Every structure is written in structure tokens, then in C-alpha cells.
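Shown here: my_file-v3.cif, mmCIF, C-alpha atoms and all ligand atoms.
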data_work
#
loop_
_atom_site.label_atom_id
_atom_site.label_comp_id
_atom_site.auth_asym_id
_atom_site.auth_seq_id
_atom_site.Cartn_x
_atom_site.Cartn_y
_atom_site.Cartn_z
CA PRO S 1 23.71 -28.40 9.46
CA SER S 2 25.40 -27.23 12.61
CA ILE S 3 26.09 -30.69 13.99
CA LEU S 4 28.26 -31.47 10.99
CA ARG S 5 30.00 -28.14 10.47
CA ASP S 6 33.71 -28.58 10.55
CA ASP S 7 34.65 -24.96 11.17
CA LYS S 8 36.05 -23.17 14.18
CA ILE S 9 38.14 -26.00 15.49
CA SER S 10 41.20 -24.63 17.19
CA GLU S 11 44.69 -25.93 16.69
CA GLU S 12 44.70 -27.10 20.28
CA THR S 13 41.51 -29.07 19.75
CA ASN S 14 42.89 -30.60 16.57
CA LYS S 15 45.89 -31.73 18.57
CA LEU S 16 43.62 -33.22 21.20
CA ILE S 17 41.52 -34.95 18.53
CA SER S 18 44.59 -36.61 17.08
CA SER S 19 45.10 -38.34 20.43
CA LEU S 20 41.50 -39.54 20.74
CA LEU S 21 39.74 -42.61 19.43
CA SER S 22 37.85 -41.70 16.30
CA ARG S 23 35.47 -43.22 13.81
CA THR S 24 33.60 -42.31 10.67
CA ASP S 25 29.81 -42.38 10.48
CA PHE S 26 27.58 -43.55 7.61
CA GLN S 27 28.05 -40.21 5.91
CA GLY S 28 31.79 -40.05 6.16
CA GLN S 29 31.67 -37.57 9.07
CA LYS S 30 34.21 -38.03 11.81
CA LEU S 31 33.39 -38.54 15.47
CA CYS S 32 35.80 -38.83 18.36
CA GLN S 33 35.51 -40.13 21.87
CA TYR S 34 36.19 -37.61 24.61
CA GLN S 35 35.67 -38.43 28.31
CA GLY S 36 33.78 -41.53 27.23
CA CYS S 37 31.32 -39.74 24.94
CA TRP S 38 31.25 -39.58 21.12
CA TYR S 39 31.10 -36.15 19.51
CA TYR S 40 31.41 -34.72 16.02
CA TYR S 41 34.52 -32.58 15.97
CA ASN S 42 32.74 -29.26 16.04
CA THR S 43 30.58 -30.35 18.96
CA LEU S 44 33.71 -31.34 20.84
CA GLN S 45 35.00 -27.81 20.33
CA GLY S 46 31.78 -26.49 21.90
CA VAL S 47 32.11 -28.93 24.81
CA LEU S 48 35.69 -27.82 25.46
CA ASN S 49 34.72 -24.15 25.25
CA PHE S 50 31.89 -24.82 27.67
CA GLN S 51 34.10 -26.72 30.08
CA SER S 52 36.69 -23.98 30.24
CA GLY S 53 34.33 -21.01 30.28
CA PHE S 54 31.00 -21.81 31.91
CA GLN S 55 30.34 -20.28 35.32
CA PRO S 56 27.17 -21.79 36.73
CA GLN S 57 24.75 -19.72 38.77
CA ASP S 58 22.57 -21.27 41.45
CA THR S 59 19.45 -20.09 39.66
CA ASP S 60 20.41 -21.64 36.30
CA ILE S 61 18.17 -24.27 34.77
CA ILE S 62 19.75 -26.79 32.42
CA LEU S 63 17.51 -29.03 30.33
CA ALA S 64 19.42 -32.16 29.41
CA SER S 65 18.59 -34.98 27.03
CA TYR S 66 19.92 -37.45 24.58
CA PRO S 67 18.95 -36.13 21.11
CA LYS S 68 15.41 -37.05 20.01
CA SER S 69 14.18 -37.86 23.50
CA GLY S 70 11.69 -35.03 23.93
CA THR S 71 14.00 -32.01 24.14
CA THR S 72 11.69 -29.71 22.19
CA TRP S 73 8.72 -30.58 24.36
CA LEU S 74 10.66 -30.14 27.61
CA LYS S 75 11.95 -26.78 26.41
CA ALA S 76 8.47 -25.58 25.53
CA LEU S 77 7.02 -26.74 28.84
CA THR S 78 9.77 -25.12 30.87
CA VAL S 79 9.50 -21.85 28.98
CA ALA S 80 5.74 -21.86 29.51
CA LEU S 81 6.22 -22.52 33.23
CA MET S 82 8.78 -19.77 33.65
CA GLU S 83 6.79 -17.29 31.62
CA ARG S 84 3.62 -17.57 33.63
CA PRO S 85 4.18 -15.00 36.38
CA LYS S 86 4.40 -12.19 33.86
CA ASN S 87 2.17 -13.72 31.27
CA ASN S 88 -0.91 -15.04 32.94
CA SER S 89 -3.19 -15.40 29.97
CA TYR S 90 -0.89 -17.15 27.52
CA SER S 91 -3.45 -18.94 25.45
CA SER S 92 -5.00 -15.66 24.41
CA ASP S 93 -1.90 -13.57 24.85
CA ASP S 94 -0.23 -13.13 21.53
CA GLU S 95 3.02 -12.01 23.10
CA HIS S 96 4.01 -15.39 24.39
CA PRO S 97 7.56 -16.17 23.24
CA LEU S 98 6.55 -19.65 22.10
CA LEU S 99 4.33 -18.05 19.47
CA TYR S 100 7.30 -16.24 17.96
CA ASP S 101 10.19 -18.60 18.19
CA ASN S 102 10.90 -22.29 18.13
CA PRO S 103 11.70 -23.71 21.60
CA HIS S 104 15.29 -24.29 20.42
CA GLY S 105 15.63 -20.61 19.60
CA ILE S 106 14.40 -19.65 23.07
CA VAL S 107 16.48 -22.18 25.01
CA PRO S 108 19.96 -22.37 23.51
CA CYS S 109 22.11 -25.46 23.67
CA LEU S 110 25.26 -24.87 25.71
CA GLU S 111 27.75 -26.71 23.52
CA MET S 112 26.08 -26.15 20.16
CA ASP S 113 24.81 -22.59 20.44
CA VAL S 114 26.18 -20.71 23.45
CA TYR S 115 29.76 -22.02 23.52
CA HIS S 116 29.97 -23.01 19.89
CA GLU S 117 32.48 -20.32 18.98
CA ASN S 118 34.46 -19.49 22.10
CA SER S 119 34.70 -19.96 25.84
CA SER S 120 33.54 -16.48 26.84
CA PRO S 121 30.27 -15.70 25.07
CA ASN S 122 28.18 -12.76 26.14
CA LEU S 123 25.57 -14.22 28.47
CA ALA S 124 23.91 -10.91 29.37
CA LYS S 125 20.83 -11.65 27.30
CA PHE S 126 20.19 -14.81 29.30
CA SER S 127 19.94 -13.08 32.64
CA ALA S 128 16.21 -12.70 33.31
CA PRO S 129 14.40 -14.13 35.14
CA ARG S 130 16.55 -17.26 35.30
CA ARG S 131 19.07 -18.49 32.77
CA LEU S 132 17.67 -21.37 30.82
CA PHE S 133 20.00 -23.60 28.79
CA SER S 134 19.93 -27.03 27.26
CA THR S 135 22.55 -29.67 26.61
CA HIS S 136 22.98 -33.10 25.12
CA MET S 137 26.18 -33.76 27.06
CA PRO S 138 26.23 -36.61 29.57
CA LEU S 139 26.33 -35.35 33.13
CA HIS S 140 30.00 -36.13 33.73
CA ALA S 141 30.87 -33.57 31.02
CA MET S 142 29.21 -30.92 33.19
CA GLU S 143 31.05 -31.64 36.40
CA GLU S 144 31.49 -27.94 37.24
CA ALA S 145 27.85 -26.97 36.92
CA HIS S 146 26.84 -30.10 38.68
CA LYS S 147 29.25 -30.21 41.58
CA HIS S 148 29.81 -26.55 42.28
CA SER S 149 26.41 -24.99 42.05
CA ALA S 150 22.84 -25.52 43.09
CA CYS S 151 21.57 -25.05 39.54
CA LYS S 152 18.67 -27.27 38.55
CA ILE S 153 19.16 -29.96 35.94
CA VAL S 154 16.15 -31.60 34.28
CA TYR S 155 16.81 -34.71 32.24
CA VAL S 156 14.28 -36.20 29.86
CA CYS S 157 14.81 -39.68 28.50
CA ARG S 158 12.91 -41.85 26.09
CA ASN S 159 12.63 -45.46 25.08
CA VAL S 160 15.79 -46.17 23.11
CA LYS S 161 13.99 -47.77 20.15
CA ASP S 162 11.73 -44.76 19.59
CA THR S 163 14.72 -42.48 20.06
CA LEU S 164 16.66 -44.37 17.40
CA VAL S 165 13.82 -44.23 14.88
CA SER S 166 13.20 -40.57 15.62
CA TRP S 167 16.91 -39.86 15.06
CA TRP S 168 16.76 -41.67 11.71
CA PHE S 169 13.81 -39.58 10.51
CA PHE S 170 15.36 -36.39 11.79
CA LEU S 171 18.81 -36.93 10.29
CA CYS S 172 17.43 -37.80 6.90
CA ALA S 173 15.14 -34.76 6.96
CA VAL S 174 17.91 -32.40 8.05
CA LEU S 175 20.49 -33.78 5.66
CA LYS S 176 17.84 -33.92 2.94
CA ILE S 177 18.71 -37.46 2.02
CA GLU S 178 16.51 -40.38 1.21
CA GLN S 179 15.21 -42.32 4.18
CA SER S 180 16.84 -45.67 3.50
CA ARG S 181 16.91 -48.88 5.51
CA GLY S 182 20.69 -48.79 5.07
CA ILE S 183 20.93 -45.63 7.16
CA LEU S 184 18.64 -47.05 9.83
CA GLU S 185 20.77 -50.19 9.99
CA SER S 186 23.95 -48.18 10.26
CA LEU S 187 22.49 -46.04 13.07
CA PHE S 188 21.25 -49.20 14.76
CA GLU S 189 24.75 -50.70 14.71
CA SER S 190 26.26 -47.53 16.15
CA PHE S 191 23.57 -47.39 18.81
CA CYS S 192 24.28 -50.97 19.79
CA ASN S 193 28.04 -50.63 19.97
CA GLY S 194 27.80 -47.23 21.65
CA THR S 195 29.79 -45.29 19.08
CA ILE S 196 26.97 -42.93 18.17
CA TYR S 197 26.77 -39.15 18.55
CA TYR S 198 26.55 -38.41 22.30
CA GLY S 199 26.63 -42.13 22.99
CA PRO S 200 26.83 -44.64 24.45
CA PHE S 201 23.15 -44.13 25.13
CA TRP S 202 23.25 -46.13 28.36
CA GLU S 203 26.15 -44.09 29.79
CA HIS S 204 24.12 -40.98 29.09
CA LEU S 205 21.11 -42.34 30.92
CA LEU S 206 23.12 -43.66 33.82
CA SER S 207 25.02 -40.43 34.40
CA TYR S 208 21.76 -38.59 35.09
CA TRP S 209 20.07 -41.51 36.78
CA ARG S 210 22.81 -41.86 39.39
CA ALA S 211 22.76 -38.14 40.02
CA THR S 212 19.02 -38.03 40.55
CA LEU S 213 19.29 -40.83 43.09
CA GLU S 214 22.01 -38.98 44.95
CA GLU S 215 20.60 -35.48 44.64
CA PRO S 216 16.93 -35.45 43.76
CA LYS S 217 16.64 -31.73 44.51
CA HIS S 218 19.37 -31.00 42.02
CA VAL S 219 18.58 -33.39 39.17
CA LEU S 220 15.08 -34.30 38.02
CA PHE S 221 14.69 -37.42 35.88
CA MET S 222 11.72 -37.37 33.52
CA ARG S 223 10.51 -39.77 30.86
CA TYR S 224 8.90 -38.95 27.56
CA GLU S 225 6.47 -41.84 27.96
CA GLU S 226 5.34 -40.58 31.37
CA LEU S 227 4.84 -37.10 30.00
CA LYS S 228 2.59 -38.61 27.35
CA ALA S 229 0.71 -40.83 29.78
CA GLU S 230 0.17 -38.37 32.63
CA PRO S 231 1.03 -34.88 31.42
CA ARG S 232 -0.75 -33.01 34.21
CA HIS S 233 1.04 -34.90 36.92
CA GLN S 234 4.42 -34.59 35.22
CA ILE S 235 4.23 -30.88 34.57
CA LYS S 236 3.31 -30.32 38.21
CA ARG S 237 6.35 -32.37 39.16
CA LEU S 238 8.49 -30.22 36.90
CA ALA S 239 7.01 -26.99 38.30
CA GLU S 240 7.64 -28.11 41.87
CA PHE S 241 11.20 -29.14 41.10
CA LEU S 242 11.91 -25.77 39.52
CA GLY S 243 10.54 -24.02 42.57
CA CYS S 244 7.50 -22.56 40.85
CA PRO S 245 4.61 -24.87 41.79
CA PHE S 246 1.11 -24.13 40.57
CA THR S 247 -1.06 -22.28 43.04
CA LYS S 248 -4.49 -23.58 43.89
CA GLN S 249 -5.94 -20.66 42.04
CA GLU S 250 -3.91 -21.45 38.94
CA GLU S 251 -5.04 -25.04 39.03
CA GLU S 252 -8.66 -24.06 39.42
CA SER S 253 -8.49 -21.61 36.57
CA GLY S 254 -7.12 -24.22 34.16
CA VAL S 255 -3.56 -22.91 33.86
CA VAL S 256 -2.09 -26.41 33.81
CA ASP S 257 -4.18 -27.43 30.84
CA LYS S 258 -3.49 -24.19 29.04
CA ILE S 259 0.24 -24.80 29.28
CA LEU S 260 -0.13 -28.37 28.08
CA ASP S 261 -2.23 -27.20 25.20
CA LEU S 262 0.15 -24.46 24.24
CA CYS S 263 3.05 -26.93 24.27
CA SER S 264 1.27 -29.79 22.54
CA LEU S 265 2.83 -31.12 19.38
CA ARG S 266 -0.38 -30.31 17.53
CA ASN S 267 -0.32 -26.67 18.60
CA LEU S 268 3.40 -26.03 18.24
CA ARG S 269 3.61 -27.49 14.77
CA SER S 270 0.66 -25.40 13.63
CA LEU S 271 2.35 -22.10 14.54
CA GLU S 272 3.65 -20.09 11.64
CA VAL S 273 7.15 -19.87 13.13
CA ASN S 274 7.38 -23.64 13.26
CA LYS S 275 5.86 -24.20 9.84
CA THR S 276 8.17 -21.92 7.95
CA GLY S 277 11.12 -20.97 10.19
CA SER S 278 14.56 -22.48 10.37
CA ARG S 279 17.65 -22.22 12.54
CA ASN S 280 21.20 -23.40 11.91
CA ASP S 281 20.01 -24.95 8.63
CA VAL S 282 17.37 -27.04 10.41
CA ASP S 283 13.77 -26.39 9.40
CA HIS S 284 11.68 -25.95 12.55
CA LYS S 285 9.06 -28.30 11.17
CA ASP S 286 11.54 -31.19 11.38
CA TYR S 287 11.42 -31.06 15.17
CA PHE S 288 7.79 -32.18 15.07
CA ARG S 289 6.93 -35.57 13.66
CA LYS S 290 4.53 -38.07 15.22
CA GLY S 291 5.33 -37.94 18.90
CA GLU S 292 3.98 -41.42 19.51
CA VAL S 293 5.10 -44.02 22.00
CA GLY S 294 6.10 -47.29 20.33
CA ASP S 295 6.30 -45.97 16.77
CA SER S 296 9.62 -47.80 16.35
CA LYS S 297 7.68 -51.06 16.05
CA ASN S 298 6.76 -49.96 12.55
CA TYR S 299 10.39 -49.76 11.44
CA LEU S 300 12.59 -52.07 13.49
CA THR S 301 12.62 -55.81 12.86
CA PRO S 302 11.91 -58.11 15.83
CA GLU S 303 15.61 -59.06 15.77
CA MET S 304 16.68 -55.43 16.05
CA GLU S 305 14.25 -54.88 18.91
CA TYR S 306 15.48 -57.97 20.68
CA LYS S 307 19.11 -56.94 20.36
CA ILE S 308 18.44 -53.45 21.73
CA ASP S 309 16.37 -54.86 24.61
CA MET S 310 19.17 -57.25 25.53
CA ILE S 311 21.84 -54.58 25.44
CA ILE S 312 19.85 -52.10 27.50
CA GLN S 313 18.93 -54.77 30.01
CA GLU S 314 22.55 -55.77 30.40
CA LYS S 315 23.92 -52.24 30.61
CA LEU S 316 21.35 -51.01 33.10
CA GLN S 317 21.50 -54.09 35.25
CA GLY S 318 21.81 -53.30 38.93
CA SER S 319 21.21 -49.57 38.44
CA GLY S 320 17.55 -49.68 39.40
CA LEU S 321 16.70 -47.97 36.12
CA LYS S 322 14.10 -49.92 34.14
CA PHE S 323 13.27 -49.66 30.47
P1 LIG J 1 9.10 -38.65 16.82
O1 LIG J 1 10.19 -38.54 15.80
O2 LIG J 1 8.99 -40.02 17.40
O3 LIG J 1 7.81 -38.14 16.33
P2 LIG J 1 13.66 -33.90 20.35
O4 LIG J 1 12.75 -32.78 20.69
O5 LIG J 1 14.51 -34.35 21.49
O6 LIG J 1 14.41 -33.65 19.11
O7 LIG J 1 12.71 -35.16 20.11
C1 LIG J 1 11.93 -35.21 18.96
C2 LIG J 1 10.74 -36.10 19.21
O8 LIG J 1 9.82 -35.44 20.06
C3 LIG J 1 10.00 -36.38 17.90
O9 LIG J 1 9.48 -37.70 18.04
C4 LIG J 1 8.93 -35.31 17.91
O10 LIG J 1 7.80 -35.62 17.12
C5 LIG J 1 8.56 -35.28 19.40
N1 LIG J 1 8.00 -33.99 19.81
C6 LIG J 1 8.36 -32.74 19.44
N2 LIG J 1 7.60 -31.82 20.03
C7 LIG J 1 6.72 -32.49 20.81
C8 LIG J 1 5.66 -32.07 21.68
N3 LIG J 1 5.35 -30.79 21.83
N4 LIG J 1 4.97 -33.03 22.33
C9 LIG J 1 5.27 -34.33 22.18
N5 LIG J 1 6.26 -34.79 21.36
C10 LIG J 1 6.99 -33.88 20.70
#
Rendering of file as C-alpha cells:
Amino acid sequence: PSILRDDKISEETNKLISSLLSRTDFQGQKLCQYQGCWYYYNTLQGVLNFQSGFQPQDTDIILASYPKSGTTWLKALTVALMERPKNNSYSSDDEHPLLYDNPHGIVPCLEMDVYHENSSPNLAKFSAPRRLFSTHMPLHAMEEAHKHSACKIVYVCRNVKDTLVSWWFFLCAVLKIEQSRGILESLFESFCNGTIYYGPFWEHLLSYWRATLEEPKHVLFMRYEELKAEPRHQIKRLAEFLGCPFTKQEEESGVVDKILDLCSLRNLRSLEVNKTGSRNDVDHKDYFRKGEVGDSKNYLTPEMEYKIDMIIQEKLQGSGLKF
């Protein structure tokens, strides 16, 4: 799978890697720590390409998340919001892009898709109506886009325990390996000591949390659990933040519910493209599992839960961010 591909790493990057802290994961894959964040080598190459080549535009929208925090859902919702001016009757309209591609195919990831190969990709196809990208990088890795443009950044986060369990299921599915407790325990340890892909988790959270406090018009902070609990309210929040609020008429004609329905886990996973398609060696179906809040209780021991709670409490202390 793309996250583990070792190709296309330049000599310069290899030189840089040799000066960085590195570690090996449960599979024998190498990660290194760059600007405080842990990346597989090929992701680091994408991050470096992005950092040297990306020119933000004020109208850009960047959907950010820690992996397994609700990225697919946020992508689908944002696409559905952006599509609505030209596509008013999506539920019956069989031309809606979400019916033909997985949300990850429609919204490419900056470091893993767009800048994966070089620092000057052709961005022409992303021009209309607004460029929509995603990323798993912490905010400090996107200093340029963040500091020098008015682009909108939407961050979705999720309870760390559910994120961890979701990551375990996803990795085993993608790598086609048996879902063992040993792997969960190894991921748990890496989560706790921060040396996990895109970790430490708390640094990720805090980078976006601080930014949303400072610049709420620039960075929107969303939570998976809130999206589940009050989807109508949250999608209106998202629409307002993106500058495309629902009109009274849209609300009255049920557009909000249509979007939520279109983007529901139940609907997306039932679409042919998500049942049978794949991208970068990842089967689309693996992006859709249970989508439940608190599912981690079924897999983590009380001791594991306690340890994670303690770490998160300590790391987020004083930030105002509660979990
Ligand atoms: P679970 O593994 O707990 O089921 P990401 O999209 O960041 O990879 O996150 C994946 C998680 O989001 C998975 O959680 C998946 O089931 C859930 N998910 C995917 N699509 C969803 C949707 N449309 N609505 C709600 N949850 C969704």
C-alpha cells in the first residue's frame, strides 16, 4: 500500500533521513521524526515536496485529520456541500461525483497523492470551483498555507481510543494480515509513546486546536463524536465556515438531510464504487467499518483505556481542549 511504498525517495531526502531519529514499526517498516512528527519515509518525501512546492490560494480548502478520525466522512460532506450549487437534486441525480468515486479519489491527500512524486505537480484539474485537498500533516508542517493565505482549514478529530482501534482494523485489512492482539498492543505502545505514524497524536490535536483559538475564521475544529450526535447542526457549521451556508429555501426543502443521507456510512458503503473499487492498493470498502462511538471498549482492556486517558489528560492539560 502507498503508505509503505519505499520508492521515489530522493538522494537528498535519504541524506536528511540519515540525520533524523528513526524507528521500526511492528512490521519492520521504518519511520523517522521530522519537525516533531513521525512519517514513513515515502510520506516524508511527499511532505518535503509539498513544503517546497505548494502555493496556497485564498480559496483553497484543506481537510485535515489524524488518520482514522473521520476523514472519509468529512471529505464526502464537503464534496456534497460544494457540489450543491450546480447539482441541486443530488439524491436523485445520478451524476453526483460521490456516486462514481470514493471520497479519497475526489479529494486527494497533499502529501500522499498530490505531492507524492515531485514538488511541482499539475494542479490544473483541481481548479474549479475551489481546490479541495486533504492532509494528515500536523498544522506546523503546513506553515506556508496557514500563515500566508486565507485558505480554509477544517480539522476533524476523534476520541483517541476509537481512532486507535479503527487504525488497527484498517491496517490489518489493508496489509491483509491477521488481526492479532499483538498488533493492537504494538500500536497501543506507539500511540502512548508518540512514535506512531503522524504522531504524537496530542501534538497533532494541539497544533489545530491552538490555531482555531487564534483564528477561528481560518481553522475550523470539528469532532467525529459531535458529527454523530448532532449531524444537522455540524454540517451547517461546516457550510457556514466554508462560506456556503444553507439558504432558508434549501433548509425547507430538505437539502441538509439529503446531504447527510448521501454521505452516511450506510449509503456510501452500499455504492458499487465503494463495494468493489480500490485505490493505491486500498480497497474502498476498507474505509467503511462500523462508525460507532465507543467501539474501542470492545477491544481495549481497562488498563489500556486508563493509560491512554491519563496520557491525553496530561498532554492536553491547560490547553482548554477536553477529551
Ligand atoms: P471505525 O473503524 O471505527 O468504524 P477515516 O475516514 O479517517 O479513515 O476514519 C475511518 C473511520 O470512519 C472508520 O471508523 C469508519 O467506519 C468511519 N467512517 C467512514 N465513513 C463514514 C461515514 N460516512 N460516516 C460515519 N463514519 C464513517
Listed atoms of ligand LIG 1 (chain J), axis-aligned box, 5 Å per side: centre and edge lengths to one decimal in Å, as AutoDock Vina command-line options?
--center_x 9.7 --center_y -35.4 --center_z 19.1 --size_x 19.5 --size_y 19.2 --size_z 16.5
Task: Of the listed residues S:Leu227, S:Leu238, S:Met137, S:Met304, that which approaches S:Leu48 most closely, counting all atoms listed in the file - done: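 Of the candidates, the smallest distance to S:Leu48 is held by S:Met137.
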Counting all atoms listed in the file, give me one row per residue of stretch 131-232 of chain S with an atom at most 9 Å from an atom of stretch 70-84 of chain S, showing the shortest contact pair and its distance in Å to one decimal, sorted by chain then residue number, as CSV.
residue,atom,partner,partner_atom,distance
S:Leu132,CA,S:Val79,CA,8.4
S:Phe133,CA,S:Lys75,CA,9.0
S:Ser134,CA,S:Lys75,CA,8.0
S:Val154,CA,S:Leu74,CA,8.8
S:Tyr155,CA,S:Leu74,CA,9.0
S:Val156,CA,S:Gly70,CA,6.6
S:Cys157,CA,S:Gly70,CA,7.2
S:Arg158,CA,S:Gly70,CA,7.3
S:Thr163,CA,S:Gly70,CA,8.9
S:Arg223,CA,S:Gly70,CA,8.5
S:Tyr224,CA,S:Gly70,CA,6.0
Expected answer as a compact mmCIF listing (two decimals) with C-alpha atoms, in the coordinates of the input: all residues with atoms within 9 Å of (14.8, -32.9, 40.6), all atoms listed in the file:
# COMPACT_ATOMS: atom_id res chain seq x y z
CA LYS S 152 18.67 -27.27 38.55
CA ILE S 153 19.16 -29.96 35.94
CA VAL S 154 16.15 -31.60 34.28
CA TYR S 155 16.81 -34.71 32.24
CA THR S 212 19.02 -38.03 40.55
CA GLU S 215 20.60 -35.48 44.64
CA PRO S 216 16.93 -35.45 43.76
CA LYS S 217 16.64 -31.73 44.51
CA HIS S 218 19.37 -31.00 42.02
CA VAL S 219 18.58 -33.39 39.17
CA LEU S 220 15.08 -34.30 38.02
CA PHE S 221 14.69 -37.42 35.88
CA MET S 222 11.72 -37.37 33.52
CA ARG S 237 6.35 -32.37 39.16
CA LEU S 238 8.49 -30.22 36.90
CA GLU S 240 7.64 -28.11 41.87
CA PHE S 241 11.20 -29.14 41.10
CA LEU S 242 11.91 -25.77 39.52
- [ ] Please check which protein, DNA or RNA residues sit within 6 Å of ligand LIG 1 (chain J), counting only C-alpha atoms and all ligand atoms, and write them as a PyMOL selection string.
- [x] chain S and resi 67-73+162+166+263-265+287-292
Go ahead and save the picked residues with C-alpha atoms, as a PDB file, in the frame of the given file.
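Wrote it out as result_26.pdb, contents follow:
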ATOM      1  CA  PRO S  67      18.950 -36.130  21.110  1.00  0.00           C
ATOM      2  CA  LYS S  68      15.410 -37.050  20.010  1.00  0.00           C
ATOM      3  CA  SER S  69      14.180 -37.860  23.500  1.00  0.00           C
ATOM      4  CA  GLY S  70      11.690 -35.030  23.930  1.00  0.00           C
ATOM      5  CA  THR S  71      14.000 -32.010  24.140  1.00  0.00           C
ATOM      6  CA  THR S  72      11.690 -29.710  22.190  1.00  0.00           C
ATOM      7  CA  TRP S  73       8.720 -30.580  24.360  1.00  0.00           C
ATOM      8  CA  ASP S 162      11.730 -44.760  19.590  1.00  0.00           C
ATOM      9  CA  SER S 166      13.200 -40.570  15.620  1.00  0.00           C
ATOM     10  CA  CYS S 263       3.050 -26.930  24.270  1.00  0.00           C
ATOM     11  CA  SER S 264       1.270 -29.790  22.540  1.00  0.00           C
ATOM     12  CA  LEU S 265       2.830 -31.120  19.380  1.00  0.00           C
ATOM     13  CA  TYR S 287      11.420 -31.060  15.170  1.00  0.00           C
ATOM     14  CA  PHE S 288       7.790 -32.180  15.070  1.00  0.00           C
ATOM     15  CA  ARG S 289       6.930 -35.570  13.660  1.00  0.00           C
ATOM     16  CA  LYS S 290       4.530 -38.070  15.220  1.00  0.00           C
ATOM     17  CA  GLY S 291       5.330 -37.940  18.900  1.00  0.00           C
ATOM     18  CA  GLU S 292       3.980 -41.420  19.510  1.00  0.00           C
TER      19      GLU S 292
END
- [ ] Tell me, in Å to one decimal, how far atom CA of S:Glu226 is from atom CA of S:Val282.
- [x]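 Interatomic distance here is 27.7 Å.
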Open item on the list: Just want the 10 Å neighbourhood of stretch 17-29 of chain S, counted on all atoms listed in the file, with same-chain residues fewer than 4 positions away dropped. Output as a list of chain:residue names.
Closed with: S:Leu4, S:Arg5, S:Asp6, S:Glu11, S:Glu12, S:Thr13, S:Gln33, S:Tyr34, S:Gln35, S:Gly36, S:Trp38, S:Tyr39, S:Tyr40, S:Tyr41, S:Leu44, S:Gln45, S:Leu175, S:Gly182, S:Ile183, S:Leu184, S:Glu185, S:Ser186, S:Leu187, S:Ser190, S:Thr195, S:Ile196, S:Tyr197
Task: Which of S:Val47, S:Val293, S:Leu171, S:Val255 sits closest to S:His116 [using all atoms listed in the file] - done: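 The shortest atom-to-atom distance to S:His116 comes from S:Val47.
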Task: Atom pair atom CA of S:Leu262 / atom CA of S:Asn274: separation (Å) - done: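 That distance, rounded to one decimal, is 13.2 Å.
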TODO: Could you check which of S:Tyr208, S:Lys322, S:Glu117, S:Leu260 is closest to S:Arg232, using only C-alpha atoms?
DONE: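 Looking only at the distances to S:Arg232, the closest residue turns out to be S:Leu260.
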TODO: Please identify all polymer residues within 10 Å of S:Gln51, counting only C-alpha atoms, omitting same-chain residues fewer than 4 positions from it, and present them as a ChimeraX atom specification.
DONE: /S:45-47,55,111,115,119,141-145
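One finds atom CA of S:Arg210 at 7.9 Å from atom CA of S:Ser319.
Between S:Ser52 and the residues S:Ser120, S:Phe246, S:Asp101, S:Asp286, the shortest atom-to-atom distance, using only C-alpha atoms, involves S:Ser120.
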TODO: Tell me which of S:Ile61, S:Val273, S:Ala239, S:Val174 sits closest to S:Ile259, counting all atoms listed in the file.
DONE: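 Comparing S:Ile61, S:Val273, S:Ala239, S:Val174 against S:Ile259, the winner is S:Ala239.
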Task: Pick from S:Leu110, S:Cys244, S:Val165, S:Ala211, whichever lies nearest to S:Thr301 using all atoms listed in the file - done: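 Nearest to S:Thr301: S:Val165.
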